[in-house]
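K.L.:
The structure is given below, and queries will be raised subsequently.
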Amino acid sequence: MTTQLPTNRPPATRHPRRRRPAVLRATALTLSATLVLAGCAATGTSASSGTSDGVASGGADSAGTAGWTSAGVTEEIAEATHYDADDTSYTEDEVTEVSLEGTGATATGVDADTVSVAAGGEAVLTISGSGTYRLSGDFQGTVVVASGAEDAVQVILDGAAITSSTGSALRVDSADEVTLLLAEGSANSLTDAETYEDASEDAADAALYSRADLTIAGSGSLAVEGNHLDAIHGNDGLVIDGASVTVQAADDGIVGKDYVALISGTVAVTAAQDGVKSSNAEESDRGWLTLYGGSLQVSAGDDGVKAESTLTVRDGEVTVTESTEGLEAYAIVVSGGAIDVTSSDDGLNASGELATADSSTEDSTADASADASAEDSGATTKDSAGDAAAGGFPGGGLEAAGGQSITVTGGALTITAEGDGLDSNGSAEVSGGTVVVNGPEGNGNGSIDVAGDFTVTGGTLAAAGSAGMAQGLGEASTQGGLQVTLPEAVEAGTTLVVADAGGAVVATFTTVKSAENLVLSAAGIQDDAEYTVYSTAGSGAGAGVAAGESLDGSATTDGATELATVTAGEYSAGMGGGMGGMGGGMGGPPAGGLDGAPAW
């Protein structure tokens with residue numbers, strides 16, 4: 001049947017989709033913005049768009065359970081975010097098919113009467129219900145979700161291309177949470193205008209903009225082009241799971257104000273400013289970003305990946321090919337995964353201030369994430385920040401150390417930086433994993449710059465760069481290490497071979513740019529023992545470090561050039577922070593400077 005409805009009707013009062021009554025309403029509605037005027041009824045003929053297999057799994061029939069099943073969502077993630085496994089499931093009986101047709105659309109199904117198109121300018125398609133809506137086809141205009149504050153809404157994109165010439169392509173004005181589900185094998189796109197008609201302070205500013213918790217999931221692809229400012233901007237929490245998302249932005253690529261959680265999938269971001277960030281700086285338990293898995297690739301004009309509170313990488317891959325500062329947050333935690341960061345300034349930067357107030361909402365989602373990060377790594381939280389700021393960490397530096405922290409307990413981290421490589425305004429700790437820093441060639445920065453104590457208790461660390469602000473390990477370190485300043489800088493591609501007093505090779509490091517200082521810590525290096533550093537040009541060895549079990553036995557000092565002999569456990573203190581080791585090591589002043597003054 002065909003139903004006539006006003007085009008500007010108020011949102012319908014509906015139950016959330018999980019509590020929908022079993023009695024279904026079969027309604028068909030044809031909408032055409034080219035024929036509809038504001039305040040008039042739409043009249044048309046029913047046109048079903050046909051049900052797609054879409055994201056259905058297991059060959060569900062029309063009454064069976066369909067949807068997409070996450071392989072990565074856990075109880076912990078559900079506790080920390082708005083997202084759980086139920087958010088991507090539905091039954092085909094619940095689906096309202098919306099066929100997009102230029103500036104109009106045809107809606108068929110149980111919630112067809114909660115879909116309307118308004119004209120009087122650019123077309124606006126409004127979803128006002130709490131159901132599941134499958135959008136397919138091309139639409140010239142804006143799709144708006146304006147549902148009830150307690151409504152959960154699913155929007156399935158199944159070959160949908162939405163382009164606006166006046167504002168956002170897809171905008172969520174109101175709902176409890178919205179799941180954007182990408183149908184299996186589908187290619188979808190959202191493109192906004194360069195100039196928005198609504199330029200008010202609180203207006204939407206992204207091609208995909210949400211005032212509710214937002215999830216992007218499924219096994220299809222989504223290309224988002226933010227021509228105005230941001231590409232994706234969520235004013236609450238943002239979760240990405242399974243989807244393939246490609247983003248280009250005139251300003252920031254992806255913003256989730258309260259938190260950003262990447263569970264699985266592939267996300268590629270090209271942004272003129274920040275790549276991916278969580279921006280809530282007013283609440284200490286918000287503003288966090290966690291990579292639980294998946295792949296994140298970023299090219300940014302400013303910060304690559306940024307969080308106001310804690311940035312955590314547990315698994316997956318993070319590749320920042322271009323940035324000013326690669327990863328930045330108050331606390332940076334790496335417990336797994338593979339990270340490769342290239343930056344024109346600092347590679348990893350623990351900086352900023354942590355808000356003193358917690359969120360006052362009942363759903364304090366970030367508490368669970370912060371607790372989990374602390375369990376993973378012992379990272380500094382707001383409770384310890386005051387202690388750190390009050391007395392500083394051992395060693396000092398030019399400024400008192402704060403509560404900021406970098407903590408590495410696992411994973412593989414490679415930093416290539418023109419500024420400081422590993423930079424913390426507070427402390428830094430490595431207890432596992434592999435950290436490689438290809439630091440600056442200029443003497444104004446250092447491969448390591450930690451204002452407080454830099455503690456190494458495990459894992460493998462190799463940091464090479466200039467010697468002007470070179471900094472070694474802190475005196476609280478329990479794993480052996482060494483620091484060597486070479487007679488002159490070696491060229492990119494040089495393999496440095498470190499051998500013990502008996503001639504056995506304990507580690508190798510191959511440079512990717514010129515370097516004159518190397519800090520190395522790995523299992524097998526014993527403090528107070530002597531080690532000799534050799535160079536081999538054109539060895540063909542891959543860039544990075546090999547030590548302990550990763551040595552394959554091929555490294556040798558035969559034919560190599562001897563450069564220097566050092567005693568492990570003796571370090572110089574760079575301008576940035578308080579090392580000192582045993583008496584300052586290679587000509588540096590004692591830790592903490594004279595009479596407790598800042599270390600130079």
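Labeling convention for the structure tokens: chains A, B, ... as they appear, residues from 1 per chain, ligands from 1 in order of appearance.
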Could you pull the residues within 6 Å of Val341 of chain A, counting only C-alpha atoms, minus those fewer than 3 positions along the same chain, as a list in words?

P.N.:
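With the cut-off at 6 Å, the set is Thr319, Val320, Gly326 and Ile415 of chain A.
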
K.L.:
So which residues touch segment 257-263 of chain A within 9 Å, counting only C-alpha atoms, skipping near sequence neighbours fewer than 2 positions away, as a PyMOL selection string?

P.N.:
chain A and resi 72-73+77+81+233-242+254-255+265+267+276-281+283+285-296+307+316+365-366

K.L.:
If you count only C-alpha atoms, which residues fall within 7 Å of Asp500 of chain A, apart from same-chain ones fewer than 6 positions away, as an MDAnalysis selection string?

P.N.:
chainID A and resid 506 530:532

K.L.:
With only C-alpha atoms as the basis for distance, which of A:Val430, A:Ile406, A:Val178, A:Leu229 is at the shortest distance from Ala199 of chain A?

P.N.:
A:Leu229

K.L.:
Expressed in Å to a single decimal, how great is the separation between atom CA of Tyr83 of chain A and atom CA of Leu170 of chain A?

P.N.:
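Spanning atom CA of Tyr83 of chain A to atom CA of Leu170 of chain A is a straight-line distance of 20.2 Å.
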
K.L.:
Enumerate, as number ranges by chain, the complete set of residues in segment 156-382 of chain A that a backbone-based DSSP assignment places in helix (DSSP H, G or I).

P.N.:
A: 365-377, 382

K.L.:
Write to file, as a PDB file, in the first residue's frame, the residues of the selection just made, with N, CA and C atoms.

P.N.:
ATOM      1  N   THR A 365      32.404   5.689  30.642  1.00  0.00           N
ATOM      2  CA  THR A 365      32.984   4.631  29.821  1.00  0.00           C
ATOM      3  C   THR A 365      34.490   4.566  29.881  1.00  0.00           C
ATOM      4  N   ALA A 366      35.158   5.676  30.055  1.00  0.00           N
ATOM      5  CA  ALA A 366      36.611   5.647  29.942  1.00  0.00           C
ATOM      6  C   ALA A 366      37.286   5.091  31.179  1.00  0.00           C
ATOM      7  N   ASP A 367      36.570   5.001  32.323  1.00  0.00           N
ATOM      8  CA  ASP A 367      37.179   4.441  33.518  1.00  0.00           C
ATOM      9  C   ASP A 367      37.711   3.045  33.253  1.00  0.00           C
ATOM     10  N   ALA A 368      36.911   2.240  32.563  1.00  0.00           N
ATOM     11  CA  ALA A 368      37.326   0.859  32.293  1.00  0.00           C
ATOM     12  C   ALA A 368      38.547   0.836  31.403  1.00  0.00           C
ATOM     13  N   SER A 369      38.595   1.749  30.395  1.00  0.00           N
ATOM     14  CA  SER A 369      39.750   1.781  29.500  1.00  0.00           C
ATOM     15  C   SER A 369      40.995   2.223  30.242  1.00  0.00           C
ATOM     16  N   ALA A 370      40.860   3.242  31.109  1.00  0.00           N
ATOM     17  CA  ALA A 370      42.011   3.720  31.859  1.00  0.00           C
ATOM     18  C   ALA A 370      42.524   2.639  32.799  1.00  0.00           C
ATOM     19  N   ASP A 371      41.614   1.923  33.465  1.00  0.00           N
ATOM     20  CA  ASP A 371      42.018   0.847  34.352  1.00  0.00           C
ATOM     21  C   ASP A 371      42.736  -0.244  33.587  1.00  0.00           C
ATOM     22  N   ALA A 372      42.187  -0.572  32.385  1.00  0.00           N
ATOM     23  CA  ALA A 372      42.798  -1.630  31.584  1.00  0.00           C
ATOM     24  C   ALA A 372      44.186  -1.228  31.137  1.00  0.00           C
ATOM     25  N   SER A 373      44.360   0.044  30.741  1.00  0.00           N
ATOM     26  CA  SER A 373      45.668   0.514  30.319  1.00  0.00           C
ATOM     27  C   SER A 373      46.655   0.450  31.465  1.00  0.00           C
ATOM     28  N   ALA A 374      46.195   0.824  32.664  1.00  0.00           N
ATOM     29  CA  ALA A 374      47.075   0.785  33.825  1.00  0.00           C
ATOM     30  C   ALA A 374      47.477  -0.649  34.147  1.00  0.00           C
ATOM     31  N   GLU A 375      46.545  -1.589  34.010  1.00  0.00           N
ATOM     32  CA  GLU A 375      46.866  -2.989  34.269  1.00  0.00           C
ATOM     33  C   GLU A 375      47.865  -3.504  33.252  1.00  0.00           C
ATOM     34  N   ASP A 376      47.697  -3.080  31.986  1.00  0.00           N
ATOM     35  CA  ASP A 376      48.599  -3.525  30.937  1.00  0.00           C
ATOM     36  C   ASP A 376      50.018  -3.046  31.182  1.00  0.00           C
ATOM     37  N   SER A 377      50.159  -1.814  31.694  1.00  0.00           N
ATOM     38  CA  SER A 377      51.460  -1.178  31.603  1.00  0.00           C
ATOM     39  C   SER A 377      51.932  -0.475  32.844  1.00  0.00           C
ATOM     40  N   LYS A 382      45.796   9.940  36.382  1.00  0.00           N
ATOM     41  CA  LYS A 382      45.621  11.244  37.018  1.00  0.00           C
ATOM     42  C   LYS A 382      45.917  11.183  38.512  1.00  0.00           C
TER      43      LYS A 382
END

K.L.:
Would you mind writing down, as a ChimeraX atom specification, each residue of segment 307-540 of chain A that DSSP on the backbone assigns to strand (DSSP E)?

P.N.:
/A:307,310-313,317-322,327-329,331-343,348-350,405-417,422-424,427-430,434-438,448-450,454-456,460-465,481-490,495-500,505-510,515-521,530-536

K.L.:
Between A:Ile127, A:Val245, A:Ala169, A:Ile339, which has the minimum distance to Asp151 of chain A (counting only C-alpha atoms)?

P.N.:
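Among the listed residues, A:Ile127 lies closest to Asp151 of chain A.
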
K.L.:
Pick out the residues sitting within 7 Å of Val172 of chain A, and hand them over as a list in words; count only C-alpha atoms, and ignore anything fewer than 3 positions along from it in its own chain.

P.N.:
Val144, Val145, Ala146, Tyr209, Ser210, Arg211 and Ala212 of chain A

K.L.:
Show me, as an MDAnalysis selection string, the residues that have an atom within 9 Å of Ala555 of chain A when counting only C-alpha atoms, minus same-chain residues fewer than 4 positions from it.

P.N.:
chainID A and resid 497 505 507:508 551

K.L.:
Please provide as a VMD selection string all residues within 8 Å of segment 350-355 of chain A, with the sequence filter that same-chain residues fewer than 5 positions apart are discarded (counting only C-alpha atoms).

P.N.:
chain A and resid 281 to 284 308 to 309 328 to 332 382 404 to 406 423 to 426

K.L.:
With N, CA and C atoms retained, could you export that selection as an mmCIF file, in the first residue's frame?

P.N.:
data_model
loop_
_atom_site.group_PDB
_atom_site.id
_atom_site.type_symbol
_atom_site.label_atom_id
_atom_site.label_comp_id
_atom_site.auth_asym_id
_atom_site.auth_seq_id
_atom_site.Cartn_x
_atom_site.Cartn_y
_atom_site.Cartn_z
ATOM 1 N N ALA A 281 39.212 17.458 26.458
ATOM 2 C CA ALA A 281 40.251 17.893 27.388
ATOM 3 C C ALA A 281 39.666 18.386 28.704
ATOM 4 N N GLU A 282 38.336 18.280 28.857
ATOM 5 C CA GLU A 282 37.684 18.796 30.065
ATOM 6 C C GLU A 282 37.453 17.724 31.123
ATOM 7 N N GLU A 283 37.486 16.454 30.741
ATOM 8 C CA GLU A 283 37.200 15.359 31.666
ATOM 9 C C GLU A 283 38.338 14.347 31.622
ATOM 10 N N SER A 284 38.918 14.055 32.774
ATOM 11 C CA SER A 284 40.127 13.233 32.816
ATOM 12 C C SER A 284 39.889 11.797 32.394
ATOM 13 N N GLU A 308 43.819 13.292 24.347
ATOM 14 C CA GLU A 308 44.028 14.256 25.425
ATOM 15 C C GLU A 308 44.446 13.576 26.721
ATOM 16 N N SER A 309 44.030 12.335 26.923
ATOM 17 C CA SER A 309 44.420 11.627 28.147
ATOM 18 C C SER A 309 45.361 10.474 27.801
ATOM 19 N N GLU A 328 50.777 11.536 20.126
ATOM 20 C CA GLU A 328 50.829 12.515 21.206
ATOM 21 C C GLU A 328 49.675 12.286 22.180
ATOM 22 N N ALA A 329 49.977 12.295 23.469
ATOM 23 C CA ALA A 329 48.962 12.171 24.516
ATOM 24 C C ALA A 329 49.619 12.480 25.847
ATOM 25 N N TYR A 330 48.799 12.623 26.878
ATOM 26 C CA TYR A 330 49.329 12.785 28.225
ATOM 27 C C TYR A 330 50.052 11.507 28.651
ATOM 28 N N ALA A 331 49.449 10.372 28.361
ATOM 29 C CA ALA A 331 50.069 9.072 28.638
ATOM 30 C C ALA A 331 49.984 8.225 27.381
ATOM 31 N N ILE A 332 51.107 7.674 26.954
ATOM 32 C CA ILE A 332 51.168 6.806 25.783
ATOM 33 C C ILE A 332 51.559 5.413 26.263
ATOM 34 N N LYS A 382 45.796 9.940 36.382
ATOM 35 C CA LYS A 382 45.621 11.244 37.018
ATOM 36 C C LYS A 382 45.917 11.183 38.512
ATOM 37 N N GLN A 404 53.209 13.152 32.953
ATOM 38 C CA GLN A 404 53.134 12.552 31.627
ATOM 39 C C GLN A 404 54.010 11.296 31.574
ATOM 40 N N SER A 405 53.634 10.355 30.709
ATOM 41 C CA SER A 405 54.384 9.102 30.686
ATOM 42 C C SER A 405 54.317 8.419 29.331
ATOM 43 N N ILE A 406 55.390 7.701 29.034
ATOM 44 C CA ILE A 406 55.436 6.762 27.910
ATOM 45 C C ILE A 406 55.787 5.406 28.498
ATOM 46 N N ASP A 423 59.916 11.405 23.458
ATOM 47 C CA ASP A 423 59.883 12.656 24.217
ATOM 48 C C ASP A 423 58.779 12.600 25.267
ATOM 49 N N SER A 424 59.150 12.687 26.544
ATOM 50 C CA SER A 424 58.165 12.712 27.616
ATOM 51 C C SER A 424 58.474 13.868 28.561
ATOM 52 N N ASN A 425 57.450 14.669 28.857
ATOM 53 C CA ASN A 425 57.607 15.727 29.848
ATOM 54 C C ASN A 425 57.576 15.170 31.270
ATOM 55 N N GLY A 426 57.320 13.883 31.381
ATOM 56 C CA GLY A 426 57.358 13.209 32.667
ATOM 57 C C GLY A 426 58.339 12.060 32.621
#
